[in-house]
$ cat structure.cif   # mmCIF, N, CA and C atoms
data_work
#
loop_
_atom_site.label_atom_id
_atom_site.label_comp_id
_atom_site.auth_asym_id
_atom_site.auth_seq_id
_atom_site.Cartn_x
_atom_site.Cartn_y
_atom_site.Cartn_z
N MET A 1 33.27 95.29 83.38
CA MET A 1 32.73 93.97 83.21
C MET A 1 33.13 93.07 84.38
N LYS A 2 34.43 93.23 84.79
CA LYS A 2 34.89 92.44 85.92
C LYS A 2 34.07 92.78 87.16
N HIS A 3 33.74 94.03 87.30
CA HIS A 3 32.99 94.48 88.46
C HIS A 3 31.58 93.86 88.47
N SER A 4 30.91 93.80 87.35
CA SER A 4 29.55 93.23 87.30
C SER A 4 29.58 91.72 87.49
N LEU A 5 30.60 91.04 86.98
CA LEU A 5 30.71 89.60 87.20
C LEU A 5 30.97 89.28 88.67
N ARG A 6 31.81 90.10 89.28
CA ARG A 6 32.11 89.92 90.69
C ARG A 6 30.84 90.16 91.51
N ARG A 7 30.08 91.17 91.16
CA ARG A 7 28.84 91.47 91.88
C ARG A 7 27.82 90.33 91.72
N ILE A 8 27.67 89.80 90.52
CA ILE A 8 26.75 88.68 90.27
C ILE A 8 27.21 87.45 91.05
N SER A 9 28.53 87.22 91.08
CA SER A 9 29.08 86.09 91.81
C SER A 9 28.79 86.21 93.30
N MET A 10 28.94 87.42 93.85
CA MET A 10 28.68 87.63 95.27
C MET A 10 27.18 87.45 95.58
N MET A 11 26.32 87.92 94.69
CA MET A 11 24.88 87.78 94.89
C MET A 11 24.49 86.30 94.86
N MET A 12 25.06 85.56 93.95
CA MET A 12 24.76 84.11 93.85
C MET A 12 25.26 83.39 95.10
N THR A 13 26.43 83.73 95.56
CA THR A 13 26.98 83.11 96.77
C THR A 13 26.09 83.42 97.96
N THR A 14 25.67 84.66 98.09
CA THR A 14 24.78 85.07 99.18
C THR A 14 23.46 84.32 99.10
N PHE A 15 22.91 84.24 97.89
CA PHE A 15 21.64 83.54 97.69
C PHE A 15 21.76 82.06 98.07
N LEU A 16 22.84 81.41 97.62
CA LEU A 16 23.03 79.99 97.93
C LEU A 16 23.25 79.76 99.42
N ALA A 17 23.95 80.66 100.06
CA ALA A 17 24.16 80.54 101.51
C ALA A 17 22.84 80.69 102.25
N ALA A 18 22.01 81.65 101.83
CA ALA A 18 20.70 81.83 102.46
C ALA A 18 19.82 80.60 102.24
N LEU A 19 19.90 80.04 101.07
CA LEU A 19 19.11 78.84 100.76
C LEU A 19 19.55 77.67 101.64
N GLN A 20 20.86 77.52 101.82
CA GLN A 20 21.36 76.45 102.69
C GLN A 20 20.94 76.65 104.14
N LEU A 21 21.00 77.88 104.61
CA LEU A 21 20.57 78.18 105.98
C LEU A 21 19.08 77.89 106.16
N ALA A 22 18.29 78.23 105.18
CA ALA A 22 16.85 77.98 105.26
C ALA A 22 16.58 76.47 105.30
N ALA A 23 17.33 75.73 104.52
CA ALA A 23 17.14 74.27 104.51
C ALA A 23 17.54 73.66 105.85
N LEU A 24 18.60 74.17 106.46
CA LEU A 24 19.03 73.65 107.75
C LEU A 24 18.06 74.04 108.87
N ALA A 25 17.46 75.20 108.76
CA ALA A 25 16.56 75.68 109.81
C ALA A 25 15.17 75.06 109.71
N ALA A 26 14.81 74.57 108.56
CA ALA A 26 13.48 73.99 108.37
C ALA A 26 13.35 72.71 109.18
N PRO A 27 12.20 72.50 109.82
CA PRO A 27 12.02 71.26 110.57
C PRO A 27 11.95 70.07 109.62
N PRO A 28 12.40 68.91 110.08
CA PRO A 28 12.35 67.75 109.21
C PRO A 28 10.89 67.38 108.90
N ALA A 29 10.67 66.88 107.73
CA ALA A 29 9.31 66.47 107.33
C ALA A 29 8.90 65.27 108.17
N PRO A 30 7.65 65.24 108.63
CA PRO A 30 7.21 64.08 109.42
C PRO A 30 7.21 62.83 108.55
N ALA A 31 7.42 61.71 109.21
CA ALA A 31 7.43 60.44 108.48
C ALA A 31 6.05 60.20 107.87
N GLN A 32 6.05 59.80 106.65
CA GLN A 32 4.81 59.51 105.95
C GLN A 32 4.26 58.17 106.42
N GLU A 33 2.97 58.14 106.72
CA GLU A 33 2.33 56.88 107.08
C GLU A 33 2.18 56.06 105.81
N LYS A 34 2.48 54.81 105.91
CA LYS A 34 2.41 53.94 104.74
C LYS A 34 0.95 53.84 104.29
N LYS A 35 0.71 54.24 103.07
CA LYS A 35 -0.64 54.19 102.51
C LYS A 35 -0.78 52.91 101.71
N VAL A 36 -1.92 52.26 101.90
CA VAL A 36 -2.22 51.05 101.17
C VAL A 36 -3.21 51.41 100.08
N GLY A 37 -2.98 50.95 98.88
CA GLY A 37 -3.91 51.20 97.80
C GLY A 37 -5.24 50.51 98.04
N GLN A 38 -6.25 51.01 97.37
CA GLN A 38 -7.58 50.43 97.50
C GLN A 38 -8.18 50.17 96.13
N THR A 39 -9.06 49.21 96.09
CA THR A 39 -9.88 48.95 94.91
C THR A 39 -11.32 48.90 95.39
N ASN A 40 -12.14 49.79 94.86
CA ASN A 40 -13.55 49.87 95.25
C ASN A 40 -13.73 49.96 96.75
N GLY A 41 -12.86 50.71 97.42
CA GLY A 41 -12.98 50.94 98.85
C GLY A 41 -12.43 49.85 99.74
N VAL A 42 -11.83 48.82 99.16
CA VAL A 42 -11.27 47.72 99.95
C VAL A 42 -9.74 47.80 99.86
N ASP A 43 -9.09 47.81 101.03
CA ASP A 43 -7.63 47.85 101.05
C ASP A 43 -7.04 46.67 100.30
N ASN A 44 -6.03 46.94 99.49
CA ASN A 44 -5.30 45.89 98.78
C ASN A 44 -4.19 45.37 99.68
N SER A 45 -4.59 44.76 100.76
CA SER A 45 -3.63 44.22 101.72
C SER A 45 -4.10 42.83 102.14
N LYS A 46 -3.26 42.15 102.86
CA LYS A 46 -3.59 40.78 103.28
C LYS A 46 -4.89 40.73 104.09
N MET A 47 -5.12 41.73 104.93
CA MET A 47 -6.29 41.73 105.81
C MET A 47 -7.41 42.66 105.31
N GLY A 48 -7.23 43.27 104.16
CA GLY A 48 -8.19 44.26 103.65
C GLY A 48 -9.60 43.72 103.48
N ALA A 49 -9.74 42.53 102.95
CA ALA A 49 -11.09 41.97 102.72
C ALA A 49 -11.79 41.68 104.05
N TYR A 50 -11.06 41.20 105.02
CA TYR A 50 -11.66 40.93 106.35
C TYR A 50 -12.11 42.24 106.99
N ARG A 51 -11.26 43.27 106.84
CA ARG A 51 -11.59 44.57 107.41
C ARG A 51 -12.85 45.14 106.73
N ALA A 52 -12.94 45.02 105.41
CA ALA A 52 -14.11 45.53 104.69
C ALA A 52 -15.38 44.81 105.13
N LEU A 53 -15.32 43.50 105.26
CA LEU A 53 -16.50 42.75 105.72
C LEU A 53 -16.89 43.17 107.14
N ALA A 54 -15.91 43.32 108.01
CA ALA A 54 -16.20 43.74 109.38
C ALA A 54 -16.85 45.12 109.41
N GLN A 55 -16.40 46.02 108.55
CA GLN A 55 -16.99 47.36 108.50
C GLN A 55 -18.45 47.29 108.05
N HIS A 56 -18.74 46.43 107.09
CA HIS A 56 -20.14 46.26 106.64
C HIS A 56 -21.00 45.64 107.75
N ILE A 57 -20.43 44.68 108.44
CA ILE A 57 -21.16 44.04 109.54
C ILE A 57 -21.47 45.07 110.62
N TYR A 58 -20.48 45.87 110.97
CA TYR A 58 -20.69 46.88 112.01
C TYR A 58 -21.72 47.92 111.54
N ALA A 59 -21.68 48.29 110.26
CA ALA A 59 -22.67 49.25 109.72
C ALA A 59 -24.08 48.67 109.81
N ASP A 60 -24.24 47.38 109.48
CA ASP A 60 -25.55 46.74 109.61
C ASP A 60 -26.02 46.78 111.06
N PHE A 61 -25.11 46.49 111.98
CA PHE A 61 -25.45 46.53 113.40
C PHE A 61 -25.90 47.93 113.81
N GLN A 62 -25.15 48.95 113.37
CA GLN A 62 -25.49 50.32 113.73
C GLN A 62 -26.86 50.73 113.19
N LYS A 63 -27.25 50.17 112.04
CA LYS A 63 -28.56 50.47 111.46
C LYS A 63 -29.68 49.69 112.15
N GLY A 64 -29.31 48.81 113.06
CA GLY A 64 -30.31 48.01 113.76
C GLY A 64 -30.64 46.69 113.10
N ASP A 65 -29.93 46.34 112.04
CA ASP A 65 -30.17 45.08 111.34
C ASP A 65 -29.23 44.01 111.89
N VAL A 66 -29.52 43.55 113.10
CA VAL A 66 -28.66 42.58 113.78
C VAL A 66 -28.66 41.25 113.03
N ALA A 67 -29.80 40.88 112.43
CA ALA A 67 -29.87 39.61 111.69
C ALA A 67 -28.91 39.62 110.49
N ALA A 68 -28.89 40.71 109.75
CA ALA A 68 -27.96 40.81 108.61
C ALA A 68 -26.52 40.83 109.09
N ALA A 69 -26.26 41.54 110.19
CA ALA A 69 -24.91 41.60 110.74
C ALA A 69 -24.46 40.20 111.17
N ALA A 70 -25.36 39.46 111.82
CA ALA A 70 -25.02 38.10 112.27
C ALA A 70 -24.76 37.17 111.08
N GLU A 71 -25.57 37.31 110.04
CA GLU A 71 -25.40 36.47 108.84
C GLU A 71 -24.07 36.75 108.17
N MET A 72 -23.75 38.02 107.98
CA MET A 72 -22.47 38.36 107.35
C MET A 72 -21.31 38.03 108.28
N GLY A 73 -21.55 38.06 109.58
CA GLY A 73 -20.53 37.65 110.53
C GLY A 73 -20.16 36.19 110.35
N ARG A 74 -21.16 35.36 110.07
CA ARG A 74 -20.88 33.94 109.81
C ARG A 74 -20.05 33.79 108.54
N VAL A 75 -20.35 34.60 107.53
CA VAL A 75 -19.57 34.57 106.28
C VAL A 75 -18.12 34.96 106.56
N LEU A 76 -17.94 36.02 107.33
CA LEU A 76 -16.58 36.46 107.69
C LEU A 76 -15.83 35.35 108.41
N GLU A 77 -16.46 34.74 109.37
CA GLU A 77 -15.79 33.67 110.12
C GLU A 77 -15.41 32.50 109.22
N ARG A 78 -16.30 32.10 108.34
CA ARG A 78 -16.00 30.97 107.45
C ARG A 78 -14.86 31.30 106.49
N LEU A 79 -14.88 32.50 105.94
CA LEU A 79 -13.78 32.91 105.04
C LEU A 79 -12.44 32.94 105.78
N TRP A 80 -12.47 33.49 106.98
CA TRP A 80 -11.26 33.55 107.80
C TRP A 80 -10.72 32.15 108.06
N ASP A 81 -11.59 31.25 108.52
CA ASP A 81 -11.14 29.89 108.84
C ASP A 81 -10.58 29.19 107.62
N LYS A 82 -11.25 29.31 106.50
CA LYS A 82 -10.78 28.62 105.28
C LYS A 82 -9.46 29.19 104.77
N ALA A 83 -9.35 30.50 104.76
CA ALA A 83 -8.16 31.13 104.18
C ALA A 83 -6.97 31.15 105.12
N GLU A 84 -7.22 31.50 106.39
CA GLU A 84 -6.10 31.74 107.30
C GLU A 84 -5.76 30.53 108.18
N ASP A 85 -6.69 29.62 108.34
CA ASP A 85 -6.39 28.44 109.15
C ASP A 85 -6.00 27.25 108.27
N TYR A 86 -6.66 27.15 107.11
CA TYR A 86 -6.39 26.01 106.21
C TYR A 86 -5.80 26.48 104.89
N GLY A 87 -5.18 27.64 104.86
CA GLY A 87 -4.73 28.25 103.61
C GLY A 87 -3.33 27.89 103.18
N GLY A 88 -2.74 26.87 103.70
CA GLY A 88 -1.41 26.47 103.26
C GLY A 88 -0.30 27.18 104.02
N ASP A 89 0.90 27.10 103.48
CA ASP A 89 2.09 27.61 104.17
C ASP A 89 2.10 29.12 104.33
N ALA A 90 1.39 29.86 103.48
CA ALA A 90 1.37 31.32 103.57
C ALA A 90 0.30 31.82 104.53
N ALA A 91 -0.52 30.94 105.05
CA ALA A 91 -1.60 31.33 105.96
C ALA A 91 -1.03 31.90 107.25
N LEU A 92 -1.73 32.86 107.81
CA LEU A 92 -1.27 33.50 109.03
C LEU A 92 -1.11 32.50 110.17
N SER A 93 -1.96 31.48 110.21
CA SER A 93 -1.85 30.48 111.28
C SER A 93 -0.52 29.73 111.20
N LYS A 94 0.09 29.71 110.03
CA LYS A 94 1.38 29.04 109.85
C LYS A 94 2.55 30.01 110.02
N THR A 95 2.37 31.26 109.58
CA THR A 95 3.47 32.21 109.62
C THR A 95 3.57 32.97 110.94
N ASN A 96 2.44 33.13 111.64
CA ASN A 96 2.45 33.85 112.92
C ASN A 96 1.26 33.36 113.75
N LYS A 97 1.43 32.22 114.36
CA LYS A 97 0.35 31.56 115.11
C LYS A 97 -0.20 32.44 116.22
N GLN A 98 0.67 33.15 116.94
CA GLN A 98 0.22 33.99 118.04
C GLN A 98 -0.70 35.10 117.53
N LEU A 99 -0.31 35.78 116.46
CA LEU A 99 -1.13 36.85 115.90
C LEU A 99 -2.44 36.28 115.34
N PHE A 100 -2.36 35.11 114.70
CA PHE A 100 -3.58 34.47 114.21
C PHE A 100 -4.55 34.25 115.36
N ASP A 101 -4.06 33.72 116.47
CA ASP A 101 -4.93 33.46 117.63
C ASP A 101 -5.51 34.75 118.20
N GLU A 102 -4.71 35.82 118.25
CA GLU A 102 -5.20 37.10 118.75
C GLU A 102 -6.33 37.64 117.87
N ILE A 103 -6.12 37.57 116.56
CA ILE A 103 -7.15 38.06 115.63
C ILE A 103 -8.39 37.19 115.72
N ASP A 104 -8.21 35.88 115.81
CA ASP A 104 -9.34 34.96 115.88
C ASP A 104 -10.19 35.23 117.14
N LYS A 105 -9.52 35.47 118.26
CA LYS A 105 -10.24 35.78 119.51
C LYS A 105 -10.94 37.12 119.42
N ALA A 106 -10.29 38.10 118.82
CA ALA A 106 -10.90 39.43 118.67
C ALA A 106 -12.12 39.35 117.75
N MET A 107 -12.02 38.54 116.70
CA MET A 107 -13.16 38.37 115.80
C MET A 107 -14.31 37.71 116.54
N ASP A 108 -14.03 36.67 117.31
CA ASP A 108 -15.09 36.01 118.08
C ASP A 108 -15.74 36.97 119.07
N ALA A 109 -14.95 37.81 119.72
CA ALA A 109 -15.50 38.79 120.67
C ALA A 109 -16.40 39.79 119.96
N PHE A 110 -16.08 40.14 118.72
CA PHE A 110 -16.89 41.06 117.94
C PHE A 110 -18.17 40.39 117.45
N LEU A 111 -18.07 39.16 116.95
CA LEU A 111 -19.22 38.51 116.30
C LEU A 111 -20.15 37.77 117.26
N SER A 112 -19.63 37.22 118.32
CA SER A 112 -20.46 36.42 119.24
C SER A 112 -21.69 37.17 119.76
N PRO A 113 -21.57 38.42 120.19
CA PRO A 113 -22.78 39.11 120.65
C PRO A 113 -23.85 39.23 119.56
N LEU A 114 -23.43 39.31 118.32
CA LEU A 114 -24.40 39.40 117.22
C LEU A 114 -25.11 38.07 117.02
N TRP A 115 -24.34 36.99 117.13
CA TRP A 115 -24.92 35.66 116.95
C TRP A 115 -25.84 35.28 118.11
N GLU A 116 -25.50 35.77 119.30
CA GLU A 116 -26.25 35.39 120.50
C GLU A 116 -27.46 36.28 120.75
N ALA A 117 -27.64 37.33 119.95
CA ALA A 117 -28.77 38.24 120.14
C ALA A 117 -30.06 37.53 119.74
N LYS A 118 -30.94 37.35 120.67
CA LYS A 118 -32.22 36.69 120.39
C LYS A 118 -33.35 37.72 120.48
N SER A 119 -33.72 38.07 121.69
CA SER A 119 -34.86 38.96 121.87
C SER A 119 -34.47 40.44 121.96
N LYS A 120 -33.23 40.71 122.35
CA LYS A 120 -32.80 42.10 122.43
C LYS A 120 -31.41 42.25 121.81
N PRO A 121 -31.16 43.40 121.22
CA PRO A 121 -29.85 43.61 120.57
C PRO A 121 -28.73 43.71 121.60
N PRO A 122 -27.52 43.39 121.19
CA PRO A 122 -26.37 43.48 122.10
C PRO A 122 -26.08 44.94 122.48
N ASP A 123 -25.30 45.09 123.54
CA ASP A 123 -24.89 46.40 124.02
C ASP A 123 -24.02 47.09 122.97
N PRO A 124 -24.45 48.24 122.44
CA PRO A 124 -23.68 48.92 121.39
C PRO A 124 -22.25 49.27 121.80
N ALA A 125 -22.05 49.67 123.05
CA ALA A 125 -20.70 50.03 123.50
C ALA A 125 -19.77 48.83 123.47
N LYS A 126 -20.27 47.66 123.87
CA LYS A 126 -19.44 46.45 123.86
C LYS A 126 -19.12 46.02 122.43
N VAL A 127 -20.12 46.12 121.55
CA VAL A 127 -19.88 45.74 120.15
C VAL A 127 -18.89 46.70 119.51
N ARG A 128 -19.03 48.00 119.78
CA ARG A 128 -18.10 48.99 119.22
C ARG A 128 -16.68 48.72 119.71
N ALA A 129 -16.52 48.46 121.00
CA ALA A 129 -15.19 48.19 121.57
C ALA A 129 -14.59 46.93 120.95
N ALA A 130 -15.39 45.89 120.81
CA ALA A 130 -14.90 44.64 120.21
C ALA A 130 -14.55 44.84 118.74
N PHE A 131 -15.36 45.63 118.03
CA PHE A 131 -15.08 45.94 116.62
C PHE A 131 -13.75 46.67 116.50
N ASN A 132 -13.53 47.70 117.33
CA ASN A 132 -12.29 48.46 117.28
C ASN A 132 -11.07 47.59 117.59
N THR A 133 -11.20 46.71 118.56
CA THR A 133 -10.10 45.80 118.90
C THR A 133 -9.81 44.87 117.73
N TYR A 134 -10.84 44.34 117.12
CA TYR A 134 -10.67 43.45 115.97
C TYR A 134 -9.96 44.19 114.82
N MET A 135 -10.37 45.41 114.54
CA MET A 135 -9.74 46.17 113.46
C MET A 135 -8.26 46.43 113.76
N GLU A 136 -7.93 46.73 115.01
CA GLU A 136 -6.54 46.95 115.38
C GLU A 136 -5.71 45.68 115.20
N LYS A 137 -6.26 44.56 115.59
CA LYS A 137 -5.53 43.29 115.42
C LYS A 137 -5.30 42.99 113.95
N LEU A 138 -6.30 43.26 113.10
CA LEU A 138 -6.12 43.04 111.67
C LEU A 138 -5.00 43.90 111.11
N ARG A 139 -4.91 45.14 111.58
CA ARG A 139 -3.84 46.04 111.09
C ARG A 139 -2.45 45.48 111.39
N LEU A 140 -2.34 44.75 112.49
CA LEU A 140 -1.04 44.17 112.85
C LEU A 140 -0.58 43.11 111.84
N ALA A 141 -1.51 42.52 111.13
CA ALA A 141 -1.16 41.44 110.21
C ALA A 141 -0.96 41.90 108.77
N ASP A 142 -1.21 43.17 108.49
CA ASP A 142 -1.05 43.67 107.10
C ASP A 142 0.38 43.71 106.67
#

$ encode --input "structure.cif" --output "C-alpha cells"
Amino acid sequence: MKHSLRRISMMMTTFLAALQLAALAAPPAPAQEKKVGQTNGVDNSKMGAYRALAQHIYADFQKGDVAAAAEMGRVLERLWDKAEDYGGDAALSKTNKQLFDEIDKAMDAFLSPLWEAKSKPPDPAKVRAAFNTYMEKLRLAD
C-alpha cells in the first residue's frame, strides 16, 4: 500500500510540475481590446450616436444620395453643437476643449463637401478620408 501511495504521489508531483512548465512556456495572452456594448447597432458610449449618424451619412453618400447625406449632416452638426458645445459642465467643449475643436474641425471637413455639392458630387476619396479622420477623432473622446 505504501508503494502504491508513493507511486501516486510521484505521478501527481510529475503532473503538477509539467503543468507548471507548460504554463510558464505559454505565451502571454494578448491584451483584450476594450469592447463597448451596443444597442441596436449604436455604441453605448459618449460618441456612439455621432459615430452612428456619420456612418449613415457616409452610406447615403456612397449610394449616391448626396442630398440625403447633406441633410443628415446638418442634423449631425446641430446635435453636436447643442450637446457638446452648449451641454453644460460635462460637455466635451468644457472638459477637453482641444479635443472638442479637433473633432469639430474633422466633422466640418467631412460634411462641408456634402453641403457644397451643387451640380456634381464631391470627390469620393476626399470624403472617405475626411470620414475616416472624423471617426478616429470621435474614438479619442469615448

$ atom_distance --input "structure.cif" --atom1 "atom C of A:Gln38" --atom2 "atom C of A:Asp142"
15.0 Å

$ closest_atom_pairs --input "structure.cif" --of "stretch 115-136 of chain A" --to "stretch 66-87 of chain A" --cutoff "8 Å" --atoms "all atoms listed in the file" --output "CSV"
residue,atom,partner,partner_atom,distance
A:Trp115,N,A:Ala70,CA,5.0
A:Glu116,N,A:Ala70,CA,7.4
A:Ala117,CA,A:Val66,CA,7.7
A:Pro121,CA,A:Val66,CA,7.0
A:Pro122,N,A:Val66,CA,7.5

$ closest_residue --input "structure.cif" --among "A:Leu114, A:Leu99, A:Ala90, A:Ala109" --to "A:Asp60" --atoms "only C-alpha atoms"
A:Leu114

$ closest_residue --input "structure.cif" --among "A:Asp108, A:Asp89, A:Asp65, A:Glu136" --to "A:Lys120" --atoms "only C-alpha atoms"
A:Asp65

$ atom_distance --input "structure.cif" --atom1 "atom N of A:Gly48" --atom2 "atom N of A:Arg128"
20.1 Å

$ resolve_selection --input "structure.cif" --expression "the PyMOL selection byres (((chain A and resi 40-45 and name CA) around 12) and name CA)" --output "ChimeraX atom specification"
/A:34-39,46-56,138-142

$ write_last_selection --input "structure.cif" --atoms "N, CA and C atoms" --output "mmCIF file, in the frame of the given file"
data_model
loop_
_atom_site.group_PDB
_atom_site.id
_atom_site.type_symbol
_atom_site.label_atom_id
_atom_site.label_comp_id
_atom_site.auth_asym_id
_atom_site.auth_seq_id
_atom_site.Cartn_x
_atom_site.Cartn_y
_atom_site.Cartn_z
ATOM 1 N N LYS A 34 2.480 54.810 105.910
ATOM 2 C CA LYS A 34 2.410 53.940 104.740
ATOM 3 C C LYS A 34 0.950 53.840 104.290
ATOM 4 N N LYS A 35 0.710 54.240 103.070
ATOM 5 C CA LYS A 35 -0.640 54.190 102.510
ATOM 6 C C LYS A 35 -0.780 52.910 101.710
ATOM 7 N N VAL A 36 -1.920 52.260 101.900
ATOM 8 C CA VAL A 36 -2.220 51.050 101.170
ATOM 9 C C VAL A 36 -3.210 51.410 100.080
ATOM 10 N N GLY A 37 -2.980 50.950 98.880
ATOM 11 C CA GLY A 37 -3.910 51.200 97.800
ATOM 12 C C GLY A 37 -5.240 50.510 98.040
ATOM 13 N N GLN A 38 -6.250 51.010 97.370
ATOM 14 C CA GLN A 38 -7.580 50.430 97.500
ATOM 15 C C GLN A 38 -8.180 50.170 96.130
ATOM 16 N N THR A 39 -9.060 49.210 96.090
ATOM 17 C CA THR A 39 -9.880 48.950 94.910
ATOM 18 C C THR A 39 -11.320 48.900 95.390
ATOM 19 N N LYS A 46 -3.260 42.150 102.860
ATOM 20 C CA LYS A 46 -3.590 40.780 103.280
ATOM 21 C C LYS A 46 -4.890 40.730 104.090
ATOM 22 N N MET A 47 -5.120 41.730 104.930
ATOM 23 C CA MET A 47 -6.290 41.730 105.810
ATOM 24 C C MET A 47 -7.410 42.660 105.310
ATOM 25 N N GLY A 48 -7.230 43.270 104.160
ATOM 26 C CA GLY A 48 -8.190 44.260 103.650
ATOM 27 C C GLY A 48 -9.600 43.720 103.480
ATOM 28 N N ALA A 49 -9.740 42.530 102.950
ATOM 29 C CA ALA A 49 -11.090 41.970 102.720
ATOM 30 C C ALA A 49 -11.790 41.680 104.050
ATOM 31 N N TYR A 50 -11.060 41.200 105.020
ATOM 32 C CA TYR A 50 -11.660 40.930 106.350
ATOM 33 C C TYR A 50 -12.110 42.240 106.990
ATOM 34 N N ARG A 51 -11.260 43.270 106.840
ATOM 35 C CA ARG A 51 -11.590 44.570 107.410
ATOM 36 C C ARG A 51 -12.850 45.140 106.730
ATOM 37 N N ALA A 52 -12.940 45.020 105.410
ATOM 38 C CA ALA A 52 -14.110 45.530 104.690
ATOM 39 C C ALA A 52 -15.380 44.810 105.130
ATOM 40 N N LEU A 53 -15.320 43.500 105.260
ATOM 41 C CA LEU A 53 -16.500 42.750 105.720
ATOM 42 C C LEU A 53 -16.890 43.170 107.140
ATOM 43 N N ALA A 54 -15.910 43.320 108.010
ATOM 44 C CA ALA A 54 -16.200 43.740 109.380
ATOM 45 C C ALA A 54 -16.850 45.120 109.410
ATOM 46 N N GLN A 55 -16.400 46.020 108.550
ATOM 47 C CA GLN A 55 -16.990 47.360 108.500
ATOM 48 C C GLN A 55 -18.450 47.290 108.050
ATOM 49 N N HIS A 56 -18.740 46.430 107.090
ATOM 50 C CA HIS A 56 -20.140 46.260 106.640
ATOM 51 C C HIS A 56 -21.000 45.640 107.750
ATOM 52 N N LEU A 138 -6.300 43.260 113.100
ATOM 53 C CA LEU A 138 -6.120 43.040 111.670
ATOM 54 C C LEU A 138 -5.000 43.900 111.110
ATOM 55 N N ARG A 139 -4.910 45.140 111.580
ATOM 56 C CA ARG A 139 -3.840 46.040 111.090
ATOM 57 C C ARG A 139 -2.450 45.480 111.390
ATOM 58 N N LEU A 140 -2.340 44.750 112.490
ATOM 59 C CA LEU A 140 -1.040 44.170 112.850
ATOM 60 C C LEU A 140 -0.580 43.110 111.840
ATOM 61 N N ALA A 141 -1.510 42.520 111.130
ATOM 62 C CA ALA A 141 -1.160 41.440 110.210
ATOM 63 C C ALA A 141 -0.960 41.900 108.770
ATOM 64 N N ASP A 142 -1.210 43.170 108.490
ATOM 65 C CA ASP A 142 -1.050 43.670 107.100
ATOM 66 C C ASP A 142 0.380 43.710 106.670
#

$ atom_distance --input "structure.cif" --atom1 "atom C of A:Phe61" --atom2 "atom C of A:Asp123"
9.4 Å

$ resolve_selection --input "structure.cif" --expression "the PyMOL selection byres (((chain A and resi 130 and name CA) around 10) and name CA)" --output "PyMOL selection string"
chain A and resi 106-113+124-129+131-136
